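A.B. asks: Please read through the structure below; I'll follow up with questions.
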Amino acid sequence: MSVQCGIIGLPNVGKSTIFSCLTRLSVDAENYPFCTIEPNVSSVAVPDERLYLLAEMACSENTVPSFCDFVDIAGLVSGASKGEGLGNRFLSHIREADALIHVVRCFSDENIVHVNGTVDPVSDVRVIQLELVLADISVLEKYLAKNSKSAKLSNSKESLARINLVEFILDQLNGNTPSVRSLNLTDDQRDLVSSLNLLTDKPMFYCANVDEASLTLNRHLSEISSLAKDEGVDLFVLNAAAEKELMDFSDNERREFLADMGFEDSGLNRLVRSAYTLLGRCSFFTVGPKESRSWTIPIGTKAQSAAGVIHSDMEKGFIRAEVVSYSDYIAYKGMQGAKEAGKVRLEGKEYIVKDGDIIHFRFNV
């Protein structure tokens with residue numbers, strides 16, 4: 001169950017540099033606006049040291065991590081929703097994304113062109129926010145034009161409820177509400193409009209791209225931090241240029257460098273995990289001599305549905321799940337040791353899978 005994050009922001013804020021570091025791909029990242037024309041898409045393994053320790057303990061032949069897909073689109077500018085810059089088609093590339101990472105430039109460098117002439121994180125954010133809102137307004141207006149009449153003629157409660165909800169959201173966005181995400185909608189209401197893939201309804205966090213001297217705090221970072229707090233949006237701080245340099249280091253050199261900087265892991269690995277968390281996902285593991293594998297599920301998934309992530313037949317024929325926590329598996333040196341210690345539980349289809357569970361599913365077909 002792969003998840004997808006769209007990387008958005010103004011031109012020349014570091015989006016393509018971050019993408020190329022995340023994916024280890026060589027993409028255009030030049031010092032001029034719109035160097036990214038077509039969207040770049042790639043899958044990135046979710047860093048999880050637990051999986052590799054489990055595979056080592058089980059002497060697994062193969063190790064398969066969970067993945068998160070990232071989409072890097074052209075930088076957006078004022079008027080993008082109406083075709084300015086390189087146009088509305090780039091917004092369509094992130095319609096299917098599960099979440100958005102909004103990269104914001106928080107450093108000054110006269111050698112790197114800023115599309116608006118000066119570095120102003122809050123102003124930059126407002127430009128992107130407005131374009132996303134305008135794009136959503138366009139989608140909502142088209143939906144009403146196409147469906148209002150038929151919904152009233154059908155007298156379907158669900159269709160009428162959706163029309164009323166779309167009209168409410170449209171009214172709020174036209175009234176300067178910054179996002180659908182900020183509206184106090186119920187889960188049922190969000191389900192009603194989920195098929196519209198509204199951009200401002202997607203989970204999002206800001207990624208502040210700073211220089212080395214500003215990893216802790218600078219004026220720009222302070223401004224975006226205050227904005228994120230006011231909006232109730234998470235903020236992630238990253239030095240894209242330093243992460244790019246780290247790509248050329250050996251594993252040992254990278255670990256030593258990060259330790260000297262006071263970090264346990266690279267900013268990119270932490271970014272991927274942040275995206276994973278933003279989407280409300282967790283992992284369970286299947287472990288054996290042939291393969292150790294991480295499986296992605298939404299937090300709160302029940303055992304029978306988790307079995308279906310592996311194969312639909314396992315979900316249909318679900319009998320029970322043999323479950324051991326990651327900590328017990330490690331402490332008792334594997335499934336057999338955990339069984340002997342009474343740490344392996346038999347769980348039914350209603351069991352809510354927890355992050356790090358090692359599970360063996362019993363099923364028939």
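Naming works like this for the structure tokens: A, B, ... for the chains as they're shown, residue 1 at the start of each chain, ligands 1 onward in shown order.
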At a cut-off of 12 Å, using only C-alpha atoms, what residues contact A:Leu170? Leave out same-chain residues fewer than 4 positions from it and give the result as a list in words.
C.D. replies: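 My list of contacting residues is Val133, Leu134, Ala135, Asp136, Ile137, Ser138, Val139, Leu140, Glu141, Lys142, Tyr143, Leu144, Ile163, Asn164, Leu165, Val166, Asn174, Gly175, Asn176, Thr177, Pro178, Ser179, Val180, Leu183, Val193 and Leu198 of chain A.
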A.B. asks: Keeping only C-alpha atoms, write the selected residues to a file as a compact mmCIF listing (two decimals), in the first residue's frame.
C.D. replies:
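This is the output file result_26.txt:
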# COMPACT_ATOMS: atom_id res chain seq x y z
CA VAL A 133 -7.50 27.64 -3.02
CA LEU A 134 -8.28 29.07 -6.47
CA ALA A 135 -7.67 25.66 -8.04
CA ASP A 136 -10.09 24.07 -5.54
CA ILE A 137 -12.69 26.77 -6.19
CA SER A 138 -12.51 25.93 -9.89
CA VAL A 139 -13.05 22.22 -9.17
CA LEU A 140 -16.01 22.94 -6.87
CA GLU A 141 -17.66 25.31 -9.35
CA LYS A 142 -17.35 22.77 -12.15
CA TYR A 143 -18.81 20.07 -9.91
CA LEU A 144 -21.85 22.21 -9.08
CA ILE A 163 -24.25 19.44 -3.23
CA ASN A 164 -25.02 21.33 0.00
CA LEU A 165 -21.56 20.53 1.34
CA VAL A 166 -19.83 21.64 -1.87
CA ASN A 174 -14.49 32.49 -1.41
CA GLY A 175 -14.67 34.09 2.02
CA ASN A 176 -10.90 33.86 2.53
CA THR A 177 -10.76 30.56 4.43
CA PRO A 178 -7.16 29.42 3.72
CA SER A 179 -7.94 25.73 3.18
CA VAL A 180 -10.59 23.00 3.31
CA LEU A 183 -12.71 23.71 8.16
CA VAL A 193 -16.03 15.20 -1.09
CA LEU A 198 -9.27 18.98 -3.19
A.B. asks: So that I can see what lies close to stretch 41-47 of chain A, please list as number ranges by chain the residues with an atom at most 10 Å from it, counting only C-alpha atoms and leaving out residues fewer than 4 positions away in the same chain.
C.D. replies: A: 2-6, 19-20, 22-25, 51-52, 64-73, 265, 268-273, 275-276, 283, 294, 296
A.B. asks: For stretch 309-316 of chain A, find every residue with an atom within 10 Å (counting only C-alpha atoms), except residues of its own chain fewer than 4 positions away, and show them as a PyMOL selection string.
C.D. replies: chain A and resi 1+286+295-297+303-305+349+361-365
A.B. asks: Let me see the file: selected residues, N, CA, C and O atoms, as a PDB file, in the first residue's frame.
C.D. replies:
ATOM      1  N   MET A   1       0.859  -1.187   0.000  1.00  0.00           N
ATOM      2  CA  MET A   1       0.000   0.000   0.000  1.00  0.00           C
ATOM      3  C   MET A   1       0.890   1.229   0.000  1.00  0.00           C
ATOM      4  O   MET A   1       1.207   1.788   1.037  1.00  0.00           O
ATOM      5  N   THR A 286       6.295  -9.007   8.376  1.00  0.00           N
ATOM      6  CA  THR A 286       6.292 -10.460   8.241  1.00  0.00           C
ATOM      7  C   THR A 286       7.754 -10.880   8.133  1.00  0.00           C
ATOM      8  O   THR A 286       8.527 -10.252   7.391  1.00  0.00           O
ATOM      9  N   TRP A 295       5.103  -3.809   5.874  1.00  0.00           N
ATOM     10  CA  TRP A 295       3.836  -3.552   5.190  1.00  0.00           C
ATOM     11  C   TRP A 295       3.228  -2.267   5.735  1.00  0.00           C
ATOM     12  O   TRP A 295       3.163  -2.067   6.944  1.00  0.00           O
ATOM     13  N   THR A 296       2.753  -1.409   4.835  1.00  0.00           N
ATOM     14  CA  THR A 296       2.177  -0.122   5.216  1.00  0.00           C
ATOM     15  C   THR A 296       0.666  -0.234   5.397  1.00  0.00           C
ATOM     16  O   THR A 296      -0.026  -0.752   4.511  1.00  0.00           O
ATOM     17  N   ILE A 297       0.182   0.258   6.532  1.00  0.00           N
ATOM     18  CA  ILE A 297      -1.258   0.282   6.791  1.00  0.00           C
ATOM     19  C   ILE A 297      -1.620   1.598   7.482  1.00  0.00           C
ATOM     20  O   ILE A 297      -0.783   2.211   8.137  1.00  0.00           O
ATOM     21  N   ALA A 303      -6.843  -6.533  12.098  1.00  0.00           N
ATOM     22  CA  ALA A 303      -6.007  -7.644  11.631  1.00  0.00           C
ATOM     23  C   ALA A 303      -6.479  -8.220  10.302  1.00  0.00           C
ATOM     24  O   ALA A 303      -5.669  -8.501   9.419  1.00  0.00           O
ATOM     25  N   GLN A 304      -7.774  -8.397  10.137  1.00  0.00           N
ATOM     26  CA  GLN A 304      -8.263  -9.002   8.888  1.00  0.00           C
ATOM     27  C   GLN A 304      -7.955  -8.108   7.689  1.00  0.00           C
ATOM     28  O   GLN A 304      -7.555  -8.587   6.627  1.00  0.00           O
ATOM     29  N   SER A 305      -8.138  -6.799   7.869  1.00  0.00           N
ATOM     30  CA  SER A 305      -7.824  -5.870   6.773  1.00  0.00           C
ATOM     31  C   SER A 305      -6.322  -5.828   6.506  1.00  0.00           C
ATOM     32  O   SER A 305      -5.891  -5.695   5.357  1.00  0.00           O
ATOM     33  N   LYS A 349      -9.996 -11.172  14.117  1.00  0.00           N
ATOM     34  CA  LYS A 349     -10.078 -10.198  13.026  1.00  0.00           C
ATOM     35  C   LYS A 349     -10.277  -8.769  13.518  1.00  0.00           C
ATOM     36  O   LYS A 349      -9.980  -7.813  12.801  1.00  0.00           O
ATOM     37  N   PHE A 361      -0.129 -14.702   9.664  1.00  0.00           N
ATOM     38  CA  PHE A 361      -1.559 -14.878   9.466  1.00  0.00           C
ATOM     39  C   PHE A 361      -1.898 -16.328   9.152  1.00  0.00           C
ATOM     40  O   PHE A 361      -1.251 -16.971   8.331  1.00  0.00           O
ATOM     41  N   ARG A 362      -2.935 -16.835   9.808  1.00  0.00           N
ATOM     42  CA  ARG A 362      -3.496 -18.140   9.505  1.00  0.00           C
ATOM     43  C   ARG A 362      -4.779 -17.930   8.687  1.00  0.00           C
ATOM     44  O   ARG A 362      -5.640 -17.125   9.081  1.00  0.00           O
ATOM     45  N   PHE A 363      -4.914 -18.613   7.580  1.00  0.00           N
ATOM     46  CA  PHE A 363      -6.097 -18.433   6.739  1.00  0.00           C
ATOM     47  C   PHE A 363      -6.343 -19.697   5.923  1.00  0.00           C
ATOM     48  O   PHE A 363      -5.483 -20.569   5.796  1.00  0.00           O
ATOM     49  N   ASN A 364      -7.544 -19.808   5.382  1.00  0.00           N
ATOM     50  CA  ASN A 364      -7.840 -20.888   4.438  1.00  0.00           C
ATOM     51  C   ASN A 364      -8.521 -20.283   3.205  1.00  0.00           C
ATOM     52  O   ASN A 364      -9.060 -19.187   3.263  1.00  0.00           O
ATOM     53  N   VAL A 365      -8.489 -21.001   2.093  1.00  0.00           N
ATOM     54  CA  VAL A 365      -9.104 -20.518   0.855  1.00  0.00           C
ATOM     55  C   VAL A 365      -9.997 -21.598   0.267  1.00  0.00           C
ATOM     56  O   VAL A 365      -9.889 -22.755   0.614  1.00  0.00           O
TER      57      VAL A 365
END
A.B. asks: Please compute the atom CA of A:Ser123-atom CA of A:Gln172 distance, one decimal, in Å.
C.D. replies: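 A separation of 21.6 Å between them.
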A.B. asks: With only C-alpha atoms as the basis for distance, which of A:Ser225, A:Ser159, A:Thr277, A:Ser60 is at the shortest distance from A:Val125?
C.D. replies: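 That would be A:Ser225, the residue with the smallest distance to A:Val125.
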A.B. asks: Go through A:Leu196, A:Ala145, A:Ala208, A:Ala97 one by one, measure the shortest atom-to-atom distance of each to A:Leu279 using only C-alpha atoms, and give the residue with the smallest value.
C.D. replies: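 Nearest candidate to A:Leu279 out of A:Leu196, A:Ala145, A:Ala208, A:Ala97: A:Ala97.
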A.B. asks: Could you check the closest approach to A:Ile319 for each of A:Met335, A:Glu340, A:Glu350, A:Thr200 and tell me which residue wins, using only C-alpha atoms?
C.D. replies: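 Among A:Met335, A:Glu340, A:Glu350, A:Thr200, it is A:Glu350 that comes nearest to A:Ile319.
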A.B. asks: I need the residues in stretch 39-271 of chain A that are helix (DSSP H, G or I) according to DSSP; give them as a ChimeraX atom specification.
C.D. replies: /A:49-58,80-82,89-92,121-154,157-174,187-196,199-201,212-214,219-231,240-246,251-261,267-271
A.B. asks: Write down as a PyMOL selection string the residues belonging to stretch 112-220 of chain A that are assigned strand (DSSP E) by DSSP computed on the backbone.
C.D. replies: chain A and resi 204-209
A.B. asks: Save out the residues we just selected, N, CA and C atoms, as a PDB file, in the first residue's frame.
C.D. replies:
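Generated output (out-v8.pdb):
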ATOM      1  N   MET A 204      -0.707  18.318   5.102  1.00  0.00           N
ATOM      2  CA  MET A 204       0.444  19.070   4.596  1.00  0.00           C
ATOM      3  C   MET A 204       1.342  19.486   5.745  1.00  0.00           C
ATOM      4  N   PHE A 205       2.643  19.565   5.470  1.00  0.00           N
ATOM      5  CA  PHE A 205       3.535  20.237   6.414  1.00  0.00           C
ATOM      6  C   PHE A 205       4.514  21.100   5.639  1.00  0.00           C
ATOM      7  N   TYR A 206       5.037  22.111   6.334  1.00  0.00           N
ATOM      8  CA  TYR A 206       6.022  22.995   5.727  1.00  0.00           C
ATOM      9  C   TYR A 206       7.417  22.397   5.915  1.00  0.00           C
ATOM     10  N   CYS A 207       8.217  22.487   4.870  1.00  0.00           N
ATOM     11  CA  CYS A 207       9.623  22.094   4.949  1.00  0.00           C
ATOM     12  C   CYS A 207      10.451  23.351   4.733  1.00  0.00           C
ATOM     13  N   ALA A 208      11.042  23.863   5.816  1.00  0.00           N
ATOM     14  CA  ALA A 208      11.848  25.078   5.740  1.00  0.00           C
ATOM     15  C   ALA A 208      13.253  24.710   5.273  1.00  0.00           C
ATOM     16  N   ASN A 209      13.628  25.180   4.089  1.00  0.00           N
ATOM     17  CA  ASN A 209      14.965  24.931   3.548  1.00  0.00           C
ATOM     18  C   ASN A 209      15.888  26.056   4.006  1.00  0.00           C
TER      19      ASN A 209
END
A.B. asks: I'd like the neighbourhood of A:Ile224 as number ranges by chain, where a residue qualifies if any of its atoms comes within 9 Å (using only C-alpha atoms), though same-chain residues fewer than 3 positions away should be ignored.
C.D. replies: A: 104, 106, 121-122, 125, 206, 208, 219-221, 227-229, 235
A.B. asks: Residues as selected, N, CA, C and O atoms, written as a compact mmCIF listing (two decimals), in the first residue's frame, can you do that?
C.D. replies:
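File written: out-v6.txt
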# COMPACT_ATOMS: atom_id res chain seq x y z
N VAL A 104 9.65 25.77 1.64
CA VAL A 104 9.72 27.23 1.76
C VAL A 104 11.18 27.65 1.94
O VAL A 104 11.89 27.09 2.77
N CYS A 106 14.12 29.60 3.33
CA CYS A 106 14.37 30.36 4.57
C CYS A 106 15.85 30.71 4.68
O CYS A 106 16.45 30.62 5.76
N PRO A 121 9.36 34.28 3.52
CA PRO A 121 8.67 32.98 3.65
C PRO A 121 7.16 33.09 3.79
O PRO A 121 6.43 32.33 3.16
N VAL A 122 6.69 34.04 4.60
CA VAL A 122 5.24 34.16 4.81
C VAL A 122 4.54 34.58 3.52
O VAL A 122 3.51 34.03 3.14
N VAL A 125 4.47 31.63 1.15
CA VAL A 125 3.42 30.67 1.52
C VAL A 125 2.05 31.16 1.07
O VAL A 125 1.24 30.39 0.54
N TYR A 206 5.04 22.11 6.33
CA TYR A 206 6.02 23.00 5.73
C TYR A 206 7.42 22.40 5.92
O TYR A 206 7.75 21.88 6.98
N ALA A 208 11.04 23.86 5.82
CA ALA A 208 11.85 25.08 5.74
C ALA A 208 13.25 24.71 5.27
O ALA A 208 13.98 23.99 5.95
N ARG A 219 15.85 34.71 11.11
CA ARG A 219 14.63 35.52 11.02
C ARG A 219 13.58 34.85 10.15
O ARG A 219 12.40 34.78 10.50
N HIS A 220 14.02 34.33 8.99
CA HIS A 220 13.08 33.67 8.08
C HIS A 220 12.46 32.44 8.73
O HIS A 220 11.26 32.20 8.60
N LEU A 221 13.30 31.66 9.41
CA LEU A 221 12.81 30.44 10.06
C LEU A 221 11.83 30.78 11.19
O LEU A 221 10.82 30.10 11.39
N LEU A 227 4.05 31.11 11.67
CA LEU A 227 2.92 30.88 10.77
C LEU A 227 2.42 29.44 10.92
O LEU A 227 1.20 29.20 11.00
N ALA A 228 3.34 28.49 10.92
CA ALA A 228 2.96 27.08 11.05
C ALA A 228 2.21 26.83 12.36
O ALA A 228 1.21 26.10 12.39
N LYS A 229 2.69 27.45 13.43
CA LYS A 229 2.04 27.29 14.74
C LYS A 229 0.63 27.86 14.70
O LYS A 229 -0.32 27.23 15.21
N LEU A 235 6.06 21.78 11.08
CA LEU A 235 7.19 22.40 10.39
C LEU A 235 8.39 21.48 10.47
O LEU A 235 8.74 21.00 11.55
A.B. asks: I'd like the contact shell of A:Gly342 - 10 Å cut-off, only C-alpha atoms, skipping same-chain residues fewer than 6 positions apart - returned as a ChimeraX atom specification.
C.D. replies: /A:324,328,336
A.B. asks: Generate the output file for the selected residues, N, CA and C atoms, as a PDB file, in the first residue's frame.
C.D. replies:
ATOM      1  N   VAL A 324       3.412 -10.923  17.732  1.00  0.00           N
ATOM      2  CA  VAL A 324       4.382 -10.622  18.778  1.00  0.00           C
ATOM      3  C   VAL A 324       4.877  -9.193  18.552  1.00  0.00           C
ATOM      4  N   ASP A 328       9.386  -7.563  22.081  1.00  0.00           N
ATOM      5  CA  ASP A 328       9.442  -8.942  22.580  1.00  0.00           C
ATOM      6  C   ASP A 328      10.194  -9.849  21.605  1.00  0.00           C
ATOM      7  N   GLN A 336      10.428 -18.139  17.907  1.00  0.00           N
ATOM      8  CA  GLN A 336      10.443 -19.325  18.757  1.00  0.00           C
ATOM      9  C   GLN A 336      10.683 -18.945  20.223  1.00  0.00           C
TER      10      GLN A 336
END
A.B. asks: Which one is closest to A:Phe284: A:Leu153, A:Val344, A:Leu54, A:Ile128? Count only C-alpha atoms.
C.D. replies: A:Leu54
